[in-house]
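Undergrad: Sending over data.cif (mmCIF, C-alpha atoms, pLDDT in the B column; chains and numbers go by the auth columns).
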data_protein
#
loop_
_atom_site.group_PDB
_atom_site.id
_atom_site.type_symbol
_atom_site.label_atom_id
_atom_site.label_comp_id
_atom_site.label_asym_id
_atom_site.label_seq_id
_atom_site.Cartn_x
_atom_site.Cartn_y
_atom_site.Cartn_z
_atom_site.B_iso_or_equiv
_atom_site.auth_seq_id
_atom_site.auth_asym_id
ATOM 1 C CA MET A 1 156.126 121.788 -37.543 45.00 20 A
ATOM 2 C CA ILE A 2 155.812 118.859 -35.198 43.00 21 A
ATOM 3 C CA ARG A 3 154.324 119.664 -31.812 46.00 22 A
ATOM 4 C CA SER A 4 155.363 117.663 -28.806 45.00 23 A
ATOM 5 C CA VAL A 5 152.602 115.807 -27.042 42.00 24 A
ATOM 6 C CA ARG A 6 152.658 115.766 -23.233 47.00 25 A
ATOM 7 C CA MET A 7 151.880 112.293 -22.057 46.00 26 A
ATOM 8 C CA GLN A 8 149.687 111.880 -18.963 46.00 27 A
ATOM 9 C CA PRO A 9 151.219 109.663 -16.269 49.00 28 A
ATOM 10 C CA PHE A 10 149.792 106.178 -16.168 48.00 29 A
ATOM 11 C CA LEU A 11 147.927 105.316 -12.982 49.00 30 A
ATOM 12 C CA PRO A 12 147.663 101.688 -11.989 52.00 31 A
ATOM 13 C CA PRO A 13 144.055 100.565 -11.346 50.00 32 A
ATOM 14 C CA MET A 14 144.645 100.383 -7.570 49.00 33 A
ATOM 15 C CA ALA A 15 145.945 103.991 -7.414 48.00 34 A
ATOM 16 C CA LEU A 16 143.023 105.201 -9.497 44.00 35 A
ATOM 17 C CA CYS A 17 140.564 103.513 -7.117 44.00 36 A
ATOM 18 C CA ILE A 18 142.241 105.172 -4.129 44.00 37 A
ATOM 19 C CA LEU A 19 141.991 108.607 -5.751 42.00 38 A
ATOM 20 C CA LEU A 20 138.325 108.105 -6.575 43.00 39 A
ATOM 21 C CA ALA A 21 137.569 106.899 -3.048 46.00 40 A
ATOM 22 C CA CYS A 22 139.283 109.941 -1.520 43.00 41 A
ATOM 23 C CA ALA A 23 137.367 112.314 -3.788 43.00 42 A
ATOM 24 C CA THR A 24 134.067 110.622 -2.918 42.00 43 A
ATOM 25 C CA SER A 25 134.855 110.710 0.793 41.00 44 A
ATOM 26 C CA ALA A 26 135.746 114.412 0.707 40.00 45 A
ATOM 27 C CA SER A 27 132.564 115.208 -1.194 38.00 46 A
ATOM 28 C CA ALA A 28 130.423 113.283 1.283 38.00 47 A
ATOM 29 C CA ALA A 29 132.060 115.073 4.218 38.00 48 A
ATOM 30 C CA ARG A 30 131.065 118.500 2.943 38.00 49 A
ATOM 31 C CA PRO A 31 127.503 119.527 3.872 38.00 50 A
ATOM 32 C CA ALA A 32 125.607 120.366 0.721 39.00 51 A
ATOM 33 C CA ALA A 33 123.943 123.752 0.489 42.00 52 A
ATOM 34 C CA SER A 34 120.145 123.852 0.349 45.00 53 A
ATOM 35 C CA ASP A 35 119.868 120.089 -0.121 56.00 54 A
ATOM 36 C CA SER A 36 117.199 119.645 2.540 82.00 55 A
ATOM 37 C CA VAL A 37 114.291 120.429 0.183 94.00 56 A
ATOM 38 C CA SER A 38 113.299 117.378 -1.815 94.00 57 A
ATOM 39 C CA ALA A 39 112.014 117.648 -5.369 95.00 58 A
ATOM 40 C CA ALA A 40 108.513 116.778 -4.170 95.00 59 A
ATOM 41 C CA GLU A 41 108.660 119.433 -1.432 96.00 60 A
ATOM 42 C CA ARG A 42 109.920 121.997 -3.892 96.00 61 A
ATOM 43 C CA ARG A 43 106.889 121.346 -6.084 95.00 62 A
ATOM 44 C CA GLU A 44 104.710 121.922 -3.008 96.00 63 A
ATOM 45 C CA GLY A 45 106.322 125.320 -2.452 96.00 64 A
ATOM 46 C CA PHE A 46 108.880 124.569 0.259 98.00 65 A
ATOM 47 C CA VAL A 47 112.070 126.614 0.505 97.00 66 A
ATOM 48 C CA SER A 48 115.106 126.128 2.711 97.00 67 A
ATOM 49 C CA LEU A 49 115.688 128.369 5.729 97.00 68 A
ATOM 50 C CA PHE A 50 119.199 127.033 6.349 97.00 69 A
ATOM 51 C CA ASP A 51 121.843 126.387 3.689 96.00 70 A
ATOM 52 C CA GLY A 52 123.835 123.947 5.821 96.00 71 A
ATOM 53 C CA ARG A 53 126.953 126.116 5.762 96.00 72 A
ATOM 54 C CA SER A 54 126.194 129.566 7.103 96.00 73 A
ATOM 55 C CA LEU A 55 123.809 131.606 9.238 97.00 74 A
ATOM 56 C CA ARG A 56 122.535 133.529 6.238 97.00 75 A
ATOM 57 C CA GLY A 57 118.862 134.367 6.759 97.00 76 A
ATOM 58 C CA TRP A 58 119.112 134.391 10.561 98.00 77 A
ATOM 59 C CA HIS A 59 119.983 136.891 13.283 98.00 78 A
ATOM 60 C CA GLY A 60 120.021 137.110 17.049 98.00 79 A
ATOM 61 C CA TYR A 61 116.685 138.090 18.565 98.00 80 A
ATOM 62 C CA GLY A 62 116.436 141.881 18.584 96.00 81 A
ATOM 63 C CA LYS A 63 119.883 142.154 16.970 97.00 82 A
ATOM 64 C CA SER A 64 119.176 142.406 13.255 96.00 83 A
ATOM 65 C CA GLY A 65 122.287 143.350 11.308 94.00 84 A
ATOM 66 C CA GLN A 66 124.684 142.286 14.062 96.00 85 A
ATOM 67 C CA PRO A 67 126.994 139.256 13.981 95.00 86 A
ATOM 68 C CA VAL A 68 125.330 136.147 15.387 97.00 87 A
ATOM 69 C CA GLN A 69 126.706 134.915 18.703 96.00 88 A
ATOM 70 C CA GLY A 70 126.422 131.435 20.168 97.00 89 A
ATOM 71 C CA TRP A 71 125.198 129.584 17.058 98.00 90 A
ATOM 72 C CA LYS A 72 127.249 127.958 14.287 97.00 91 A
ATOM 73 C CA ALA A 73 126.775 125.825 11.194 97.00 92 A
ATOM 74 C CA VAL A 74 128.445 122.495 12.042 97.00 93 A
ATOM 75 C CA ASP A 75 128.400 119.483 9.705 95.00 94 A
ATOM 76 C CA GLY A 76 125.207 120.599 7.998 96.00 95 A
ATOM 77 C CA ALA A 77 123.376 121.451 11.228 97.00 96 A
ATOM 78 C CA LEU A 78 122.591 124.712 13.008 98.00 97 A
ATOM 79 C CA VAL A 79 124.046 124.214 16.482 98.00 98 A
ATOM 80 C CA ARG A 80 123.811 126.190 19.713 98.00 99 A
ATOM 81 C CA THR A 81 127.451 126.104 20.800 96.00 100 A
ATOM 82 C CA GLU A 82 127.594 128.721 23.563 97.00 101 A
ATOM 83 C CA ALA A 83 125.575 131.514 25.152 96.00 102 A
ATOM 84 C CA GLY A 84 124.286 133.896 22.505 96.00 103 A
ATOM 85 C CA GLY A 85 120.531 134.244 22.871 97.00 104 A
ATOM 86 C CA ASP A 86 117.656 133.073 20.724 98.00 105 A
ATOM 87 C CA LEU A 87 118.151 132.851 16.965 98.00 106 A
ATOM 88 C CA VAL A 88 115.380 134.085 14.645 98.00 107 A
ATOM 89 C CA SER A 89 114.625 134.160 10.940 98.00 108 A
ATOM 90 C CA ASP A 90 115.123 137.372 9.013 98.00 109 A
ATOM 91 C CA LYS A 91 111.739 136.873 7.378 98.00 110 A
ATOM 92 C CA GLN A 92 108.337 136.834 9.064 98.00 111 A
ATOM 93 C CA TYR A 93 105.667 134.217 8.393 98.00 112 A
ATOM 94 C CA GLY A 94 101.916 134.115 8.925 98.00 113 A
ATOM 95 C CA ASP A 95 100.277 130.904 7.659 98.00 114 A
ATOM 96 C CA PHE A 96 102.882 128.241 7.001 98.00 115 A
ATOM 97 C CA GLU A 97 104.061 124.675 7.298 98.00 116 A
ATOM 98 C CA LEU A 98 107.501 124.335 8.885 98.00 117 A
ATOM 99 C CA ARG A 99 109.482 121.115 8.710 98.00 118 A
ATOM 100 C CA ILE A 100 112.598 120.841 10.845 98.00 119 A
ATOM 101 C CA ASP A 101 114.785 118.134 12.368 98.00 120 A
ATOM 102 C CA TRP A 102 116.191 118.500 15.882 98.00 121 A
ATOM 103 C CA LYS A 103 118.482 116.643 18.258 98.00 122 A
ATOM 104 C CA ILE A 104 118.660 117.582 21.924 98.00 123 A
ATOM 105 C CA SER A 105 121.593 116.939 24.258 97.00 124 A
ATOM 106 C CA PRO A 106 121.212 114.811 27.430 98.00 125 A
ATOM 107 C CA GLY A 107 119.234 116.826 29.966 97.00 126 A
ATOM 108 C CA GLY A 108 118.743 119.563 27.369 98.00 127 A
ATOM 109 C CA ASN A 109 116.011 122.105 26.768 98.00 128 A
ATOM 110 C CA SER A 110 115.214 124.247 23.723 98.00 129 A
ATOM 111 C CA GLY A 111 112.215 125.189 21.617 98.00 130 A
ATOM 112 C CA ILE A 112 110.955 126.309 18.230 98.00 131 A
ATOM 113 C CA PHE A 113 109.134 129.639 18.349 98.00 132 A
ATOM 114 C CA TYR A 114 106.739 130.928 15.714 98.00 133 A
ATOM 115 C CA ARG A 115 104.843 134.155 15.041 98.00 134 A
ATOM 116 C CA GLY A 116 107.269 135.957 17.331 98.00 135 A
ATOM 117 C CA SER A 117 107.478 139.737 17.580 97.00 136 A
ATOM 118 C CA GLU A 118 110.828 141.435 18.147 97.00 137 A
ATOM 119 C CA SER A 119 109.072 144.366 19.788 95.00 138 A
ATOM 120 C CA GLU A 120 109.048 142.455 23.097 96.00 139 A
ATOM 121 C CA PRO A 121 112.058 142.161 25.433 96.00 140 A
ATOM 122 C CA GLN A 122 112.012 138.358 25.047 97.00 141 A
ATOM 123 C CA ILE A 123 110.552 136.281 22.234 98.00 142 A
ATOM 124 C CA TYR A 124 108.517 134.064 24.595 97.00 143 A
ATOM 125 C CA ARG A 125 106.347 137.046 25.549 98.00 144 A
ATOM 126 C CA SER A 126 104.770 136.976 22.079 98.00 145 A
ATOM 127 C CA ALA A 127 105.676 133.758 20.275 98.00 146 A
ATOM 128 C CA ILE A 128 104.100 130.335 20.585 98.00 147 A
ATOM 129 C CA GLU A 129 106.609 127.603 21.397 98.00 148 A
ATOM 130 C CA TYR A 130 106.961 124.035 20.177 98.00 149 A
ATOM 131 C CA GLN A 131 108.843 122.426 23.043 98.00 150 A
ATOM 132 C CA VAL A 132 112.152 120.603 22.483 98.00 151 A
ATOM 133 C CA LEU A 133 113.230 118.681 25.590 98.00 152 A
ATOM 134 C CA ASP A 134 114.868 115.658 27.116 98.00 153 A
ATOM 135 C CA ASN A 135 111.674 114.686 28.944 97.00 154 A
ATOM 136 C CA ASP A 136 113.334 112.265 31.339 96.00 155 A
ATOM 137 C CA HIS A 137 116.343 114.239 32.505 97.00 156 A
ATOM 138 C CA HIS A 138 115.528 117.947 32.326 97.00 157 A
ATOM 139 C CA PRO A 139 113.764 119.257 35.473 96.00 158 A
ATOM 140 C CA ASP A 140 110.995 120.875 33.419 96.00 159 A
ATOM 141 C CA GLY A 141 109.904 117.417 32.309 96.00 160 A
ATOM 142 C CA LYS A 142 108.555 116.858 35.823 95.00 161 A
ATOM 143 C CA ASN A 143 106.334 119.966 35.667 96.00 162 A
ATOM 144 C CA GLY A 144 103.667 118.376 33.488 96.00 163 A
ATOM 145 C CA ARG A 145 103.099 116.965 30.019 97.00 164 A
ATOM 146 C CA ASP A 146 102.599 120.469 28.610 98.00 165 A
ATOM 147 C CA ARG A 147 106.366 120.843 29.066 97.00 166 A
ATOM 148 C CA TRP A 148 107.265 117.664 27.180 98.00 167 A
ATOM 149 C CA ALA A 149 108.787 117.515 23.714 98.00 168 A
ATOM 150 C CA SER A 150 106.309 118.581 20.993 98.00 169 A
ATOM 151 C CA ALA A 151 103.971 120.312 23.476 98.00 170 A
ATOM 152 C CA LEU A 152 102.661 123.781 22.810 98.00 171 A
ATOM 153 C CA TYR A 153 104.664 124.956 25.752 98.00 172 A
ATOM 154 C CA GLY A 154 102.771 125.544 28.971 98.00 173 A
ATOM 155 C CA LEU A 155 99.339 125.170 27.377 98.00 174 A
ATOM 156 C CA TYR A 156 98.734 121.992 25.353 98.00 175 A
ATOM 157 C CA PRO A 157 100.431 118.638 26.029 98.00 176 A
ATOM 158 C CA PRO A 158 101.118 116.111 23.269 98.00 177 A
ATOM 159 C CA ALA A 159 98.468 113.400 23.001 97.00 178 A
ATOM 160 C CA LYS A 160 101.189 110.777 22.652 96.00 179 A
ATOM 161 C CA VAL A 161 104.915 110.444 23.264 96.00 180 A
ATOM 162 C CA ALA A 162 106.532 110.268 19.851 97.00 181 A
ATOM 163 C CA ASN A 163 110.039 111.584 20.481 96.00 182 A
ATOM 164 C CA ARG A 164 113.076 109.395 19.859 97.00 183 A
ATOM 165 C CA PRO A 165 115.834 108.664 22.388 96.00 184 A
ATOM 166 C CA VAL A 166 118.104 111.565 23.296 96.00 185 A
ATOM 167 C CA GLY A 167 120.917 111.925 20.782 94.00 186 A
ATOM 168 C CA GLU A 168 118.785 110.802 17.825 97.00 187 A
ATOM 169 C CA TRP A 169 117.246 113.108 15.233 98.00 188 A
ATOM 170 C CA ASN A 170 113.526 113.914 15.421 98.00 189 A
ATOM 171 C CA GLN A 171 111.362 115.226 12.578 98.00 190 A
ATOM 172 C CA THR A 172 108.927 118.021 13.424 98.00 191 A
ATOM 173 C CA ARG A 173 106.106 119.605 11.458 98.00 192 A
ATOM 174 C CA ILE A 174 104.317 122.744 12.583 98.00 193 A
ATOM 175 C CA VAL A 175 101.240 123.763 10.592 98.00 194 A
ATOM 176 C CA VAL A 176 99.664 127.167 11.203 98.00 195 A
ATOM 177 C CA ARG A 177 96.701 128.314 9.146 98.00 196 A
ATOM 178 C CA GLY A 178 94.761 131.274 10.518 97.00 197 A
ATOM 179 C CA ASP A 179 93.846 130.337 14.089 97.00 198 A
ATOM 180 C CA HIS A 180 94.386 126.608 13.566 98.00 199 A
ATOM 181 C CA VAL A 181 97.640 125.076 14.855 98.00 200 A
ATOM 182 C CA GLU A 182 98.983 121.534 14.528 98.00 201 A
ATOM 183 C CA HIS A 183 102.103 120.013 16.063 98.00 202 A
ATOM 184 C CA TRP A 184 103.552 116.852 14.535 98.00 203 A
ATOM 185 C CA LEU A 185 106.480 114.707 15.667 98.00 204 A
ATOM 186 C CA ASN A 186 108.059 111.829 13.757 98.00 205 A
ATOM 187 C CA GLY A 187 105.018 111.395 11.555 98.00 206 A
ATOM 188 C CA GLU A 188 102.465 111.578 14.388 98.00 207 A
ATOM 189 C CA LYS A 189 100.043 114.454 14.914 98.00 208 A
ATOM 190 C CA VAL A 190 100.429 115.052 18.629 98.00 209 A
ATOM 191 C CA LEU A 191 98.173 118.079 19.141 98.00 210 A
ATOM 192 C CA GLU A 192 95.965 120.666 17.503 98.00 211 A
ATOM 193 C CA CYS A 193 94.268 123.743 18.883 98.00 212 A
ATOM 194 C CA THR A 194 92.499 126.948 17.893 98.00 213 A
ATOM 195 C CA LEU A 195 94.059 130.248 18.858 98.00 214 A
ATOM 196 C CA GLY A 196 91.628 132.631 20.511 97.00 215 A
ATOM 197 C CA SER A 197 89.029 129.937 21.192 98.00 216 A
ATOM 198 C CA PRO A 198 87.339 129.746 24.625 98.00 217 A
ATOM 199 C CA ASP A 199 89.576 126.779 25.467 98.00 218 A
ATOM 200 C CA TRP A 200 92.695 128.713 24.411 98.00 219 A
ATOM 201 C CA LYS A 201 91.696 131.761 26.441 98.00 220 A
ATOM 202 C CA ALA A 202 91.002 129.653 29.528 98.00 221 A
ATOM 203 C CA ARG A 203 94.376 127.951 29.319 98.00 222 A
ATOM 204 C CA VAL A 204 96.224 131.242 28.793 98.00 223 A
ATOM 205 C CA ALA A 205 94.365 132.812 31.733 98.00 224 A
ATOM 206 C CA ALA A 206 95.567 129.982 33.979 98.00 225 A
ATOM 207 C CA SER A 207 99.200 130.257 32.831 98.00 226 A
ATOM 208 C CA LYS A 208 102.120 132.642 33.154 96.00 227 A
ATOM 209 C CA PHE A 209 101.219 134.007 29.703 98.00 228 A
ATOM 210 C CA LYS A 210 98.234 135.878 31.169 97.00 229 A
ATOM 211 C CA ASP A 211 100.581 138.700 32.173 96.00 230 A
ATOM 212 C CA TRP A 212 101.844 139.229 28.612 97.00 231 A
ATOM 213 C CA PRO A 213 99.167 140.810 26.399 96.00 232 A
ATOM 214 C CA SER A 214 101.207 140.228 23.235 97.00 233 A
ATOM 215 C CA PHE A 215 101.345 136.485 23.695 98.00 234 A
ATOM 216 C CA GLY A 216 99.871 134.479 20.831 97.00 235 A
ATOM 217 C CA VAL A 217 98.038 137.385 19.198 96.00 236 A
ATOM 218 C CA ALA A 218 100.304 138.243 16.236 96.00 237 A
ATOM 219 C CA ARG A 219 99.256 136.784 12.914 96.00 238 A
ATOM 220 C CA ARG A 220 102.756 137.112 11.452 97.00 239 A
ATOM 221 C CA GLY A 221 106.165 136.866 13.025 98.00 240 A
ATOM 222 C CA VAL A 222 109.621 135.359 13.044 98.00 241 A
ATOM 223 C CA ILE A 223 110.581 131.713 13.430 98.00 242 A
ATOM 224 C CA GLY A 224 112.879 131.293 16.435 98.00 243 A
ATOM 225 C CA LEU A 225 115.260 128.700 17.861 98.00 244 A
ATOM 226 C CA GLN A 226 115.638 128.920 21.607 98.00 245 A
ATOM 227 C CA ASP A 227 118.897 129.254 23.483 98.00 246 A
ATOM 228 C CA HIS A 228 117.971 127.729 26.839 98.00 247 A
ATOM 229 C CA GLY A 229 121.583 127.191 27.868 97.00 248 A
ATOM 230 C CA ASP A 230 121.930 123.669 26.482 97.00 249 A
ATOM 231 C CA SER A 231 123.451 122.173 23.359 97.00 250 A
ATOM 232 C CA VAL A 232 120.883 121.538 20.604 98.00 251 A
ATOM 233 C CA SER A 233 121.113 120.950 16.858 98.00 252 A
ATOM 234 C CA TYR A 234 118.680 121.751 14.047 98.00 253 A
ATOM 235 C CA ARG A 235 118.870 120.766 10.387 98.00 254 A
ATOM 236 C CA ASN A 236 116.732 120.349 7.250 97.00 255 A
ATOM 237 C CA ILE A 237 114.844 123.545 8.033 98.00 256 A
ATOM 238 C CA ARG A 238 112.293 124.189 5.290 98.00 257 A
ATOM 239 C CA ILE A 239 109.066 126.119 5.121 98.00 258 A
ATOM 240 C CA ARG A 240 106.215 126.852 2.774 98.00 259 A
ATOM 241 C CA GLU A 241 103.735 129.664 3.104 98.00 260 A
ATOM 242 C CA LEU A 242 100.086 128.654 3.004 97.00 261 A
#
Please lay out the structure from this file as structure tokens.
TA:
Amino acid sequence: MIRSVRMQPFLPPMALCILLACATSASAARPAASDSVSAAERREGFVSLFDGRSLRGWHGYGKSGQPVQGWKAVDGALVRTEAGGDLVSDKQYGDFELRIDWKISPGGNSGIFYRGSESEPQIYRSAIEYQVLDNDHHPDGKNGRDRWASALYGLYPPAKVANRPVGEWNQTRIVVRGDHVEHWLNGEKVLECTLGSPDWKARVAASKFKDWPSFGVARRGVIGLQDHGDSVSYRNIRIREL
């Protein structure tokens, strides 16, 4: 019995190139899941906190198990799109190194919280905040360097200005080991401090945090992204426990 053979249509070289280009373009347009952790980082113990496509692993502050409002995955970034409240990680962390990229909108304000407790009405009553800000155009930028981008908000100013122009991506590292804290921005260590030290206590006593006994005392807590009413984007969110 002779079987018929179905011949594949012949594609001219130019048509084949067009098809390949379209396929490559479509692939590049799709944000890859969990691609923010490099091979070297993976060997160091880093894991991704954001898959680039969904809000899996995150929930609204104090709203575990409820649909997230105000935040969306857009083009591989976690974006505050409308009012919805602060966004926090499902998992809690104690000693860790967090690496995260951020891009603030003109005149914008946000922040990265850590060691936050959801037992408080607002996350800022317990969590320490790495400030994210347009220093030049948000009003808080005029209230002192301890409000500027990369500051430990309201307490420790950055030793140098290392943030990039508004609209560009910045790379942040936050290292927390026991009572020791470091803030990094775009490869520069901009501050370090010791929680509970005499200097820390004096600064807290002279700040608004003095009225909140839970502030800065937890040794484990959630990672949070602040909804301060402005558009902000975060991507390449990865963490390793120390």
Undergrad: Run the PyMOL selection byres ((chain A and resi 182) around 10) mentally over the shown coordinates, then write out the matched residues as a PyMOL selection string, using the chain letters and numbers from the document.
TA: chain A and resi 151-154+167-169+179-181+183-185+187-191+204-205+207
Undergrad: Quick check, in Å to one decimal: how far apart do CA of Pro158 in chain A and CA of Ile142 in chain A lie?
TA: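 Computed distance, CA of Pro158 in chain A to CA of Ile142 in chain A, equals 21.8 Å.
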Undergrad: With a distance cut-off of 12 Å and only C-alpha atoms, select the neighbouring residues of range 74-89 of chain A, excluding the residue or stretch itself and same-chain residues fewer than 4 positions from it, and output the selection as a PyMOL selection string.
TA: chain A and resi 52-53+67-70+93+95-111+132+135-143+146+240-251+254+256
Undergrad: Using all atoms listed in the file, which protein or nucleic acid residues come within 6 Å of Val209 in chain A? Drop anything in the same chain fewer than 5 positions from it, and give the result as a PDB file with C-alpha atoms, keeping the file's coordinate frame.
TA:
ATOM      1  CA  PRO A 177     101.118 116.111  23.269  1.00 98.00           C
ATOM      2  CA  ALA A 178      98.468 113.400  23.001  1.00 97.00           C
ATOM      3  CA  LYS A 179     101.189 110.777  22.652  1.00 96.00           C
ATOM      4  CA  HIS A 202     102.103 120.013  16.063  1.00 98.00           C
ATOM      5  CA  TRP A 203     103.552 116.852  14.535  1.00 98.00           C
TER       6      TRP A 203
END
Undergrad: Starting from 4 Å padding per side, set up an axis-aligned box that covers all listed atoms of range 163-170 of chain A and hand over centre and edge lengths in Å, one decimal, as lines of an AutoDock Vina configuration file.
TA:
center_x = 105.7
center_y = 118.9
center_z = 27.2
size_x = 14.2
size_y = 11.9
size_z = 20.5
Undergrad: Here is a test: counting all atoms listed in the file, which residue of A:Ser124, A:Gly163, A:His199, A:Leu210 is nearest to Tyr149 in chain A?
TA: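 Distance minimum relative to Tyr149 in chain A lands on A:Leu210.
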Undergrad: Which is closest to Arg192 in chain A among A:Val236, A:Ile131, A:Ile119, A:Leu171, if we use only C-alpha atoms?
TA: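 Of A:Val236, A:Ile131, A:Ile119, A:Leu171, the one nearest Arg192 in chain A is A:Ile119, counting only C-alpha atoms.
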Undergrad: Please determine, counting all atoms listed in the file, which residue among A:Gly206, A:Trp121, A:Tyr175, A:Phe234 has the shortest atom-to-atom distance to Ile147 in chain A.
TA: A:Phe234
Undergrad: Could you name the residues that touch Trp219 in chain A at 10 Å or less, counting all atoms listed in the file, but leaving out those on the same chain fewer than 6 positions away, as a PyMOL selection string?
TA: chain A and resi 174-175+212-213+235
Undergrad: Closest to Tyr133 in chain A among A:Glu60, A:Asp114, A:Glu148, A:Asp120, using only C-alpha atoms?
TA: A:Glu148
Undergrad: Quick one: distance from CA of Val195 in chain A to CA of Ser55 in chain A in Å, one decimal?
TA: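 Interatomic distance here is 21.0 Å.
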Undergrad: Could you state the separation of CA of Ser57 in chain A and CA of Arg259 in chain A in Å, given to one decimal place?
TA: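 Distance reported for this atom pair: 12.7 Å.
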Undergrad: When you count only C-alpha atoms, which of these residues is closest to Asn128 in chain A: A:Ser252, A:Ser73, A:Ser226, A:Gln150?
TA: A:Gln150
